[in-house]
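Notes to accompany the following structure.
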Amino acid sequence: MYPQRIICLTEEYVELLYLLNEDKKIVGISTFVKRPEIAIKEKPIVTSFIKANIEKINQLQPDLILGFSDIQAEIARELILNHHNVFITNQRTIEEIFKVLFWISSLVHKQEEYLKLQRKWQKKLNEYKNKTKNINRKYKVFFMEWDNPIISGICWVEELLEYLNVEICFPELKFKKQAKERIISKEELLKVNPDIIINSWCGKKTDFKWLKETFQETNAVKNNRIYEIDPAIILQPGPAIFEEGIDVLYNLIYG
């Protein structure tokens, strides 16, 4: 009744299935999977984020394929035309992440096990909220997802920062789902003058030299408060942001 051969086109569902002890059902993963590390060693790679090896996927005969975001729409279309069952999600908020992870857990009949994880994660978020709510200095934090063009405001990250009692530089951006809607100019960023700049550029390292030269007038650069965080723990809307991402954000801001 439940799927037995699952392919994950994105990292968050790989990590979830491992946490639920359902990793034996995974028969294919993305080249971008980093969590857990063992997955790369024991699971076949069948896709990048935007291009899949359809022939290899067909050979693996999955009964369910999981993916994330409109960016994977073309992969999903091709897989559907190859008669596969495809489930693509578009979660953006923390509430949506919890909901979607519950759905995935239900597909492998592990709802109760998942709800224990969710309660643990929500408890951690609440503890950070309580820990930081009385801190007098409210830092102005800018989270940069990409440098050219400058993109910011991905919703779940902004919400994590709100749990940490910081001031968001462009709070209106978190309501915009597409990256092209969340582009800001160098001048806009200079004007808000962030105290802290946290970078996570998917697929490439942060260019600290460019940041220091471009935003030398900001408090963040003047006080040497520009940081990098691994995309694997912050840019995928799944377990990693709760397991590790929120902890790293807290340490960068308050550590």
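By convention here, the chains of the structure tokens are called A, B, ... in the order presented, each chain's residues are numbered starting at 1, and ligands are numbered starting at 1 in the order presented.
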
Taking only C-alpha atoms into account, produce a table as a Markdown table in which each residue of stretch 38-108 of chain A with an atom at most 12 Å from an atom of stretch 239-249 of chain A appears once, together with its shortest atom pair and the distance in Å to one decimal, ordered by chain and rising number.
| residue | atom | partner | partner_atom | distance |
| --- | --- | --- | --- | --- |
| A:Thr93 | CA | A:Ile241 | CA | 11.9 |
| A:Ile94 | CA | A:Ile241 | CA | 9.7 |
| A:Ile97 | CA | A:Pro239 | CA | 8.8 |
| A:Phe98 | CA | A:Pro239 | CA | 9.2 |
| A:Val100 | CA | A:Pro239 | CA | 11.2 |
| A:Leu101 | CA | A:Pro239 | CA | 8.5 |
| A:Phe102 | CA | A:Pro239 | CA | 11.5 |

Take the residues just selected and output them with N, CA and C atoms as a PDB file, in the first residue's frame.
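Just written: part-v1.pdb:
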ATOM      1  N   THR A  93       6.988  28.836   4.138  1.00  0.00           N
ATOM      2  CA  THR A  93       6.981  29.252   5.538  1.00  0.00           C
ATOM      3  C   THR A  93       7.322  28.064   6.437  1.00  0.00           C
ATOM      4  N   ILE A  94       7.664  28.343   7.678  1.00  0.00           N
ATOM      5  CA  ILE A  94       7.937  27.266   8.627  1.00  0.00           C
ATOM      6  C   ILE A  94       6.691  26.405   8.830  1.00  0.00           C
ATOM      7  N   ILE A  97       6.435  24.125   5.935  1.00  0.00           N
ATOM      8  CA  ILE A  97       7.449  23.083   6.012  1.00  0.00           C
ATOM      9  C   ILE A  97       6.981  21.958   6.932  1.00  0.00           C
ATOM     10  N   PHE A  98       6.474  22.326   8.113  1.00  0.00           N
ATOM     11  CA  PHE A  98       5.954  21.318   9.032  1.00  0.00           C
ATOM     12  C   PHE A  98       4.839  20.500   8.375  1.00  0.00           C
ATOM     13  N   VAL A 100       4.176  20.001   5.098  1.00  0.00           N
ATOM     14  CA  VAL A 100       4.652  19.165   3.995  1.00  0.00           C
ATOM     15  C   VAL A 100       5.429  17.960   4.514  1.00  0.00           C
ATOM     16  N   LEU A 101       6.265  18.168   5.515  1.00  0.00           N
ATOM     17  CA  LEU A 101       7.017  17.045   6.081  1.00  0.00           C
ATOM     18  C   LEU A 101       6.077  16.012   6.702  1.00  0.00           C
ATOM     19  N   PHE A 102       4.969  16.478   7.238  1.00  0.00           N
ATOM     20  CA  PHE A 102       3.961  15.543   7.757  1.00  0.00           C
ATOM     21  C   PHE A 102       3.355  14.738   6.617  1.00  0.00           C
TER      22      PHE A 102
END

Backbone-only DSSP, alpha helix (DSSP H) members of stretch 8-196 of chain A, as a PyMOL selection string: chain A and resi 11-19+37-42+54-60+73-81+94-107+111-132+155-163+186-192

Contact table stretch 78-140 of chain A vs stretch 22-25 of chain A, cut-off 12 Å, shortest pair per residue, only C-alpha atoms, as JSON lines:
{"residue": "A:Ile104", "atom": "CA", "partner": "A:Glu22", "partner_atom": "CA", "distance": 11.2}
{"residue": "A:Ser105", "atom": "CA", "partner": "A:Glu22", "partner_atom": "CA", "distance": 9.4}
{"residue": "A:Ser106", "atom": "CA", "partner": "A:Glu22", "partner_atom": "CA", "distance": 11.8}
{"residue": "A:Leu107", "atom": "CA", "partner": "A:Glu22", "partner_atom": "CA", "distance": 10.8}
{"residue": "A:Val108", "atom": "CA", "partner": "A:Glu22", "partner_atom": "CA", "distance": 7.5}
{"residue": "A:His109", "atom": "CA", "partner": "A:Glu22", "partner_atom": "CA", "distance": 9.8}
{"residue": "A:Lys110", "atom": "CA", "partner": "A:Glu22", "partner_atom": "CA", "distance": 8.8}
{"residue": "A:Glu113", "atom": "CA", "partner": "A:Glu22", "partner_atom": "CA", "distance": 11.0}
{"residue": "A:Tyr114", "atom": "CA", "partner": "A:Glu22", "partner_atom": "CA", "distance": 11.5}

Find the residues around A:Val14 up to 12 Å (only C-alpha atoms counted), leave out those fewer than 2 positions away in its own chain, and share them as a PyMOL selection string. chain A and resi 6-12+16-40+43+45+65-68+101+104-105+236+238-240

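The set of residues in stretch 60-196 of chain A assigned to strand (DSSP E) by DSSP, using only backbone atoms of this structure, is A:Leu64, A:Ile65, A:Leu66, A:Gly67, A:Phe68, A:Val86, A:Phe87, A:Ile88, A:Thr89, A:Lys140, A:Val141, A:Phe142, A:Phe143, A:Met144, A:Glu145, A:Trp146, A:Asp147, A:Ile150, A:Ile151, A:Ser152, A:Glu167, A:Ile168, A:Ile183, A:Ile184, A:Ile196.
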
Which residues are close to A:Glu181, i.e. within 12 Å by only C-alpha atoms, leaving aside same-chain residues fewer than 4 positions away? Reply as a PyMOL selection string. chain A and resi 149-154+172-177

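Here atom CA of A:Trp146 is placed at a distance of 5.1 Å from atom CA of A:Trp201.
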